[in-house]
>>> print(open('protein.csv').read())   # CSV, C-alpha atoms and all ligand atoms
chain,number,residue,atom,x,y,z
A,16,MET,CA,22.6,-15.0,-3.0
A,17,ILE,CA,22.3,-11.4,-2.0
A,18,ALA,CA,23.8,-10.5,1.4
A,19,ASN,CA,20.7,-9.7,3.4
A,20,ASP,CA,18.4,-12.2,1.7
A,21,TRP,CA,17.5,-14.2,4.8
A,22,ARG,CA,16.9,-11.1,7.0
A,23,ILE,CA,14.5,-9.8,4.4
A,24,ARG,CA,12.7,-13.1,4.0
A,25,ARG,CA,12.2,-13.3,7.7
A,26,GLU,CA,10.8,-9.7,7.7
A,27,ILE,CA,8.4,-10.5,4.9
A,28,ILE,CA,7.2,-13.6,6.8
A,29,GLU,CA,6.7,-11.5,9.9
A,30,ILE,CA,4.8,-8.7,8.1
A,31,GLY,CA,2.7,-11.4,6.4
A,32,LYS,CA,1.7,-12.9,9.8
A,33,LEU,CA,0.7,-9.4,11.1
A,34,LEU,CA,-1.4,-8.7,8.0
A,35,TYR,CA,-3.2,-12.1,8.3
A,36,GLU,CA,-3.6,-12.0,12.1
A,37,ARG,CA,-5.0,-8.5,12.1
A,38,GLY,CA,-7.6,-9.4,9.5
A,39,LEU,CA,-6.1,-7.2,6.7
A,40,SER,CA,-5.7,-10.1,4.3
A,41,ALA,CA,-7.7,-13.4,4.2
A,42,ALA,CA,-6.8,-16.8,2.8
A,43,THR,CA,-4.4,-16.4,-0.1
A,44,ASP,CA,-5.1,-12.7,-0.7
A,45,GLY,CA,-2.4,-10.0,-0.8
A,46,ASN,CA,1.3,-10.0,-1.5
A,47,ILE,CA,4.5,-8.4,-0.2
A,48,SER,CA,7.7,-7.4,-2.1
A,49,PHE,CA,11.0,-5.8,-1.3
A,50,ARG,CA,13.6,-4.3,-3.7
A,51,ILE,CA,16.7,-6.2,-2.6
A,52,ALA,CA,19.0,-4.9,-5.3
A,53,GLU,CA,18.7,-2.2,-8.0
A,54,ASP,CA,17.1,-4.6,-10.6
A,55,ARG,CA,15.8,-7.4,-8.3
A,56,ILE,CA,12.9,-7.9,-5.9
A,57,LEU,CA,11.9,-10.6,-3.5
A,58,ILE,CA,8.1,-11.2,-3.8
A,59,THR,CA,5.7,-13.7,-2.2
A,60,ALA,CA,4.7,-16.5,-4.6
A,61,SER,CA,1.3,-16.9,-6.2
A,62,GLY,CA,-1.3,-18.7,-4.1
A,63,THR,CA,0.4,-18.5,-0.7
A,64,CYS,CA,-1.3,-17.5,2.5
A,65,LEU,CA,0.5,-14.4,4.0
A,66,GLY,CA,-0.1,-15.9,7.5
A,67,GLU,CA,1.7,-19.1,6.7
A,68,LEU,CA,4.7,-18.1,4.6
A,69,GLU,CA,7.8,-20.2,4.5
A,70,PRO,CA,11.2,-18.8,3.3
A,71,THR,CA,10.8,-20.8,0.1
A,72,ASP,CA,7.4,-19.1,-0.7
A,73,ILE,CA,9.4,-15.9,-1.4
A,74,ILE,CA,11.0,-15.7,-4.8
A,75,TYR,CA,13.3,-13.6,-6.8
A,76,ALA,CA,12.1,-11.6,-9.8
A,77,ASP,CA,13.6,-8.9,-12.0
A,78,LEU,CA,11.9,-5.5,-12.6
A,79,SER,CA,10.2,-6.9,-15.7
A,80,GLY,CA,8.5,-9.6,-13.6
A,81,ASN,CA,10.5,-12.6,-14.8
A,82,LYS,CA,11.1,-15.2,-12.1
A,83,LEU,CA,14.8,-15.6,-11.5
A,84,SER,CA,14.8,-18.3,-8.8
A,85,GLY,CA,12.6,-19.9,-6.1
A,86,ASP,CA,9.7,-22.3,-5.9
A,87,GLY,CA,6.3,-21.5,-7.4
A,88,ASN,CA,5.3,-18.6,-9.6
A,89,VAL,CA,5.5,-14.9,-9.0
A,90,SER,CA,2.3,-13.4,-7.6
A,91,SER,CA,-0.3,-12.6,-10.3
A,92,GLU,CA,-0.4,-9.1,-8.9
A,93,THR,CA,3.4,-8.6,-9.4
A,94,PRO,CA,2.8,-6.0,-12.2
A,95,MET,CA,1.3,-3.6,-9.6
A,96,HIS,CA,4.5,-3.9,-7.5
A,97,LEU,CA,6.7,-3.4,-10.6
A,98,ALA,CA,4.8,-0.3,-11.7
A,99,ILE,CA,5.7,1.2,-8.4
A,100,TYR,CA,9.4,0.2,-8.3
A,101,ASN,CA,9.8,1.4,-11.9
A,102,CYS,CA,8.5,4.9,-11.2
A,103,ARG,CA,9.5,5.5,-7.5
A,104,ALA,CA,13.3,5.1,-6.9
A,105,ASP,CA,12.7,5.9,-3.2
A,106,VAL,CA,10.6,2.8,-2.6
A,107,LYS,CA,12.0,-0.4,-1.2
A,108,ALA,CA,8.9,-2.2,0.0
A,109,VAL,CA,5.4,-2.7,-1.3
A,110,VAL,CA,2.5,-4.3,0.6
A,111,HIS,CA,-0.8,-5.2,-1.1
A,112,ALA,CA,-3.7,-6.5,1.1
A,113,HIS,CA,-7.5,-6.5,1.2
A,114,PRO,CA,-8.4,-4.6,4.4
A,115,PRO,CA,-12.1,-5.3,4.7
A,116,ILE,CA,-13.6,-2.0,6.0
A,117,ALA,CA,-11.4,0.1,3.7
A,118,THR,CA,-12.3,-2.1,0.7
A,119,GLY,CA,-16.0,-1.8,1.8
A,120,PHE,CA,-15.7,2.0,1.3
A,121,THR,CA,-14.6,1.5,-2.3
A,122,ILE,CA,-17.5,-0.9,-2.9
A,123,ALA,CA,-19.9,1.7,-1.5
A,124,GLY,CA,-18.2,4.3,-3.8
A,125,ILE,CA,-17.1,6.4,-0.8
A,126,SER,CA,-13.6,8.0,-0.9
A,127,LEU,CA,-11.3,7.5,2.1
A,128,ALA,CA,-8.9,10.3,1.1
A,129,GLY,CA,-7.3,11.8,4.1
A,130,CYS,CA,-9.3,15.0,4.4
A,131,VAL,CA,-10.9,13.9,7.7
A,132,ILE,CA,-8.1,12.8,10.1
A,133,PRO,CA,-5.2,15.2,10.4
A,134,GLU,CA,-2.8,12.5,11.7
A,135,ILE,CA,-3.4,10.4,8.5
A,136,VAL,CA,-2.6,13.4,6.3
A,137,MET,CA,0.5,14.1,8.3
A,138,THR,CA,1.9,10.5,8.1
A,139,MET,CA,1.0,9.3,4.7
A,140,GLY,CA,-0.9,12.1,2.9
A,141,GLU,CA,-4.2,11.5,1.2
A,142,VAL,CA,-5.3,8.0,0.3
A,143,PRO,CA,-7.0,8.3,-3.1
A,144,THR,CA,-8.9,5.5,-4.8
A,145,THR,CA,-7.7,4.2,-8.2
A,146,ARG,CA,-10.0,3.6,-11.1
A,147,TYR,CA,-11.5,0.1,-11.3
A,148,ALA,CA,-9.3,-2.5,-12.9
A,149,THR,CA,-9.7,-6.3,-13.1
A,150,PRO,CA,-7.4,-7.7,-10.4
A,151,SER,CA,-4.3,-9.6,-11.6
A,152,THR,CA,-4.2,-7.9,-15.0
A,153,ALA,CA,-1.9,-5.3,-16.6
A,154,GLU,CA,-4.8,-2.8,-16.1
A,155,GLY,CA,-4.2,-3.0,-12.4
A,156,ALA,CA,-0.6,-1.8,-12.8
A,157,SER,CA,-1.7,1.1,-15.0
A,158,VAL,CA,-4.3,2.5,-12.6
A,159,VAL,CA,-1.8,2.3,-9.8
A,160,LYS,CA,0.8,4.1,-11.9
A,161,GLU,CA,-1.6,7.0,-12.4
A,162,LEU,CA,-1.6,7.9,-8.7
A,163,ILE,CA,1.5,6.4,-7.1
A,164,THR,CA,4.0,9.1,-8.2
A,165,ASN,CA,2.5,11.5,-5.6
A,166,HIS,CA,1.0,9.2,-3.0
A,167,ASP,CA,2.3,6.5,-0.6
A,168,ALA,CA,-1.0,4.7,-0.1
A,169,LEU,CA,-3.9,3.9,-2.5
A,170,LEU,CA,-7.2,2.2,-2.3
A,171,LEU,CA,-7.9,0.0,-5.3
A,172,ASP,CA,-11.5,0.3,-6.4
A,173,ARG,CA,-13.5,-2.7,-5.3
A,174,HIS,CA,-10.3,-4.7,-4.7
A,175,GLY,CA,-8.1,-3.7,-1.7
A,176,ALA,CA,-5.2,-1.4,-1.0
A,177,ILE,CA,-1.5,-0.9,-1.7
A,178,THR,CA,1.1,0.9,0.4
A,179,ILE,CA,4.8,1.6,0.0
A,180,GLY,CA,7.7,2.5,2.1
A,181,ARG,CA,11.5,2.6,2.6
A,182,THR,CA,11.1,-0.4,4.8
A,183,LEU,CA,8.7,-3.3,5.0
A,184,GLN,CA,7.5,-2.1,8.4
A,185,GLU,CA,6.8,1.4,7.1
A,186,ALA,CA,4.6,-0.1,4.3
A,187,PHE,CA,2.9,-2.3,6.8
A,188,TYR,CA,2.1,0.5,9.1
A,189,LYS,CA,0.5,2.5,6.3
A,190,MET,CA,-1.7,-0.5,5.5
A,191,GLU,CA,-2.7,-0.7,9.2
A,192,LYS,CA,-3.5,3.0,9.2
A,193,ILE,CA,-5.7,2.8,6.1
A,194,GLU,CA,-7.9,0.3,8.0
A,195,TYR,CA,-7.8,2.4,11.1
A,196,ALA,CA,-8.9,5.5,9.1
A,197,ALA,CA,-11.7,3.4,7.6
A,198,LYS,CA,-12.9,2.3,11.0
A,199,VAL,CA,-12.8,5.9,12.4
A,200,THR,CA,-14.6,7.3,9.3
A,201,LEU,CA,-17.2,4.5,9.5
A,202,THR,CA,-17.8,5.3,13.2
A,203,ALA,CA,-18.2,9.0,12.5
A,204,ARG,CA,-20.7,8.2,9.7
A,205,GLN,CA,-22.7,5.9,12.0
A,206,LEU,CA,-22.8,8.7,14.6
A,207,GLY,CA,-24.2,10.8,11.8
A,208,ASN,CA,-21.7,13.6,11.4
A,209,THR,CA,-18.3,13.7,9.6
A,210,ARG,CA,-16.5,17.0,9.9
A,211,ASN,CA,-14.0,17.4,7.1
A,212,LEU,CA,-10.8,19.5,7.2
A,213,THR,CA,-11.0,22.7,5.3
A,214,ALA,CA,-8.9,23.3,2.2
A,215,GLU,CA,-6.7,25.7,4.3
A,216,GLU,CA,-6.2,23.2,7.1
A,217,LEU,CA,-5.3,20.6,4.6
A,218,GLU,CA,-2.8,22.8,2.8
A,219,ARG,CA,-1.1,23.6,6.1
A,220,LEU,CA,-0.8,19.9,7.0
A,221,ARG,CA,0.5,18.9,3.6
A,222,LYS,CA,3.2,21.7,3.7
A,223,ILE,CA,4.4,20.5,7.0
A,224,ALA,CA,4.4,16.8,6.2
A,225,PHE,CA,5.5,16.9,2.5
A,226,PRO,CA,7.4,20.1,1.9
A,227,HIS,CA,9.0,18.9,-1.3
A,228,ARG,CA,5.9,17.7,-3.1
A,229,ILE,CA,5.0,19.8,-6.1
A,230,ASP,CA,1.2,19.8,-5.8
A,231,ASN,CA,1.0,20.4,-2.1
A,232,SER,CA,-1.6,23.1,-2.5
A,233,SER,CA,-3.8,21.4,-5.0
A,234,CYS,CA,-6.9,19.3,-4.2
A,235,THR,CA,-6.9,15.8,-5.7
A,236,GLY,CA,-10.6,16.0,-6.3
A,237,CYS,CA,-11.4,12.9,-4.2
A,238,GLY,CA,-14.8,14.3,-3.4
A,239,THR,CA,-14.6,13.5,0.4
A,240,CYS,CA,-15.3,17.1,1.2
A,241,GLY,CA,-18.1,17.4,-1.3
A,242,ASP,CA,-16.3,20.2,-3.3
B,301,ZN,ZN,-5.5,-8.2,-4.5
>>> encode(input="protein.csv", output="structure tokens", more="lines below")
Ligand SMILES: [Zn+2]
Amino acid sequence: MIANDWRIRREIIEIGKLLYERGLSAATDGNISFRIAEDRILITASGTCLGELEPTDIIYADLSGNKLSGDGNVSSETPMHLAIYNCRADVKAVVHAHPPIATGFTIAGISLAGCVIPEIVMTMGEVPTTRYATPSTAEGASVVKELITNHDALLLDRHGAITIGRTLQEAFYKMEKIEYAAKVTLTARQLGNTRNLTAEELERLRKIAFPHRIDNSSCTGCGTCGD
């Protein structure tokens, strides 16, 4: 057994409870994983409720998605997690959930990219929406792969959201912030006026928050600003 195995299992259980209790994931939706060794992850098992996880509901898999040990099967959405671990060496934790308001934005075809709330741009950058993919298929992994190299949080078209971090808590906070951004944006839309950040304001924010990113000055074409 890997040294910090039980500590990580406890953290996954804790984050699962928070996601469930805060309404970010219903019934058996969503999954959580952590890269516990270079070639090994802990991931929640298929069909488990994130609010009621037991230590045995979290199983070992390799970076090809093969189950190594534990009860149950790896989550059917494991390929999305692996796509991220395989292309982002800096990522240790992945959280996938179905935050209802943010998911509603994707169903309405409205982007939730971070061009509206400066604080969101500062903490996790823009939140683009992937192309549509049938959940629990290899297609889901490939649409995530297209965007995750340069983003830490994505909306999955008509499905949910996925966030990453160096810790489980960091990935959870990003998921919580996605739903917060969705609530704020929805409120502004209901009030009848959404004022977007200008391209210059956005560029300034990106340069402060992500000075090493290559495409800091380029628009991702999310369409939020109508350009
Ligand atoms: Zn899902």
>>> residues_around(input="protein.csv", residues="A:Ala112", least_positions_apart="6", cutoff="7 Å", atoms="only C-alpha atoms", output="number ranges by chain")
A: 39-40, 44-46, 175-177
>>> atom_distance(input="protein.csv", atom1="atom CA of A:Phe120", atom2="atom CA of A:Leu68")
28.8 Å
>>> closest_atom_pairs(input="protein.csv", of="chain A", to="ligand ZN 301 (chain B)", cutoff="12 Å", atoms="all atoms listed in the file", output="tab-separated table")
residue	atom	partner	partner_atom	distance
A:Leu39	CA	B:ZN301	ZN	11.3
A:Ser40	CA	B:ZN301	ZN	9.0
A:Ala41	CA	B:ZN301	ZN	10.4
A:Ala42	CA	B:ZN301	ZN	11.4
A:Thr43	CA	B:ZN301	ZN	9.4
A:Asp44	CA	B:ZN301	ZN	5.9
A:Gly45	CA	B:ZN301	ZN	5.2
A:Asn46	CA	B:ZN301	ZN	7.6
A:Ile47	CA	B:ZN301	ZN	10.9
A:Ser61	CA	B:ZN301	ZN	11.2
A:Gly62	CA	B:ZN301	ZN	11.3
A:Ser90	CA	B:ZN301	ZN	9.9
A:Ser91	CA	B:ZN301	ZN	8.9
A:Glu92	CA	B:ZN301	ZN	6.8
A:Thr93	CA	B:ZN301	ZN	10.2
A:Pro94	CA	B:ZN301	ZN	11.5
A:Met95	CA	B:ZN301	ZN	9.7
A:His96	CA	B:ZN301	ZN	11.3
A:Val110	CA	B:ZN301	ZN	10.3
A:His111	CA	B:ZN301	ZN	6.5
A:Ala112	CA	B:ZN301	ZN	6.1
A:His113	CA	B:ZN301	ZN	6.3
A:Pro114	CA	B:ZN301	ZN	10.0
A:Pro115	CA	B:ZN301	ZN	11.7
A:Thr118	CA	B:ZN301	ZN	10.5
A:Ala148	CA	B:ZN301	ZN	10.8
A:Thr149	CA	B:ZN301	ZN	9.8
A:Pro150	CA	B:ZN301	ZN	6.2
A:Ser151	CA	B:ZN301	ZN	7.3
A:Thr152	CA	B:ZN301	ZN	10.6
A:Gly155	CA	B:ZN301	ZN	9.5
A:Ala156	CA	B:ZN301	ZN	11.6
A:Leu170	CA	B:ZN301	ZN	10.8
A:Leu171	CA	B:ZN301	ZN	8.6
A:Asp172	CA	B:ZN301	ZN	10.6
A:Arg173	CA	B:ZN301	ZN	9.7
A:His174	CA	B:ZN301	ZN	5.9
A:Gly175	CA	B:ZN301	ZN	5.9
A:Ala176	CA	B:ZN301	ZN	7.7
A:Ile177	CA	B:ZN301	ZN	8.8
>>> atom_distance(input="protein.csv", atom1="atom CA of A:Met139", atom2="atom CA of A:His166")
7.7 Å
>>> residues_around(input="protein.csv", residues="A:Ala168", least_positions_apart="4", cutoff="10 Å", atoms="all atoms listed in the file", output="count of residues only")
22
>>> atom_distance(input="protein.csv", atom1="atom CA of A:Pro70", atom2="atom CA of A:Asp105")
25.6 Å
>>> closest_residue(input="protein.csv", among="A:Thr138, A:Thr63, A:Thr145, A:Thr164", to="A:Arg103", atoms="only C-alpha atoms")
A:Thr164
>>> residues_around(input="protein.csv", residues="A:Ile51", least_positions_apart="4", cutoff="9 Å", atoms="only C-alpha atoms", output="list in words")
Ile17, Asn19, Asp20, Ile23, Arg55, Ile56, Leu57 and Lys107 of chain A
>>> write_last_selection(input="protein.csv", atoms="C-alpha atoms", output="PDB file, keeping the file's coordinate frame")
ATOM      1  CA  ILE A  17      22.300 -11.400  -2.000  1.00  0.00           C
ATOM      2  CA  ASN A  19      20.700  -9.700   3.400  1.00  0.00           C
ATOM      3  CA  ASP A  20      18.400 -12.200   1.700  1.00  0.00           C
ATOM      4  CA  ILE A  23      14.500  -9.800   4.400  1.00  0.00           C
ATOM      5  CA  ARG A  55      15.800  -7.400  -8.300  1.00  0.00           C
ATOM      6  CA  ILE A  56      12.900  -7.900  -5.900  1.00  0.00           C
ATOM      7  CA  LEU A  57      11.900 -10.600  -3.500  1.00  0.00           C
ATOM      8  CA  LYS A 107      12.000  -0.400  -1.200  1.00  0.00           C
TER       9      LYS A 107
END
>>> closest_residue(input="protein.csv", among="A:Ile135, A:Ala123, A:Ile28, A:Leu183", to="A:Arg221", atoms="all atoms listed in the file")
A:Ile135
>>> closest_residue(input="protein.csv", among="A:Leu169, A:Leu34, A:Ile99, A:Ala196", to="A:Gly66", atoms="all atoms listed in the file")
A:Leu34
>>> closest_residue(input="protein.csv", among="A:Ala108, A:Ile116, A:Ile27, A:Ala18", to="A:Tyr195", atoms="all atoms listed in the file")
A:Ile116
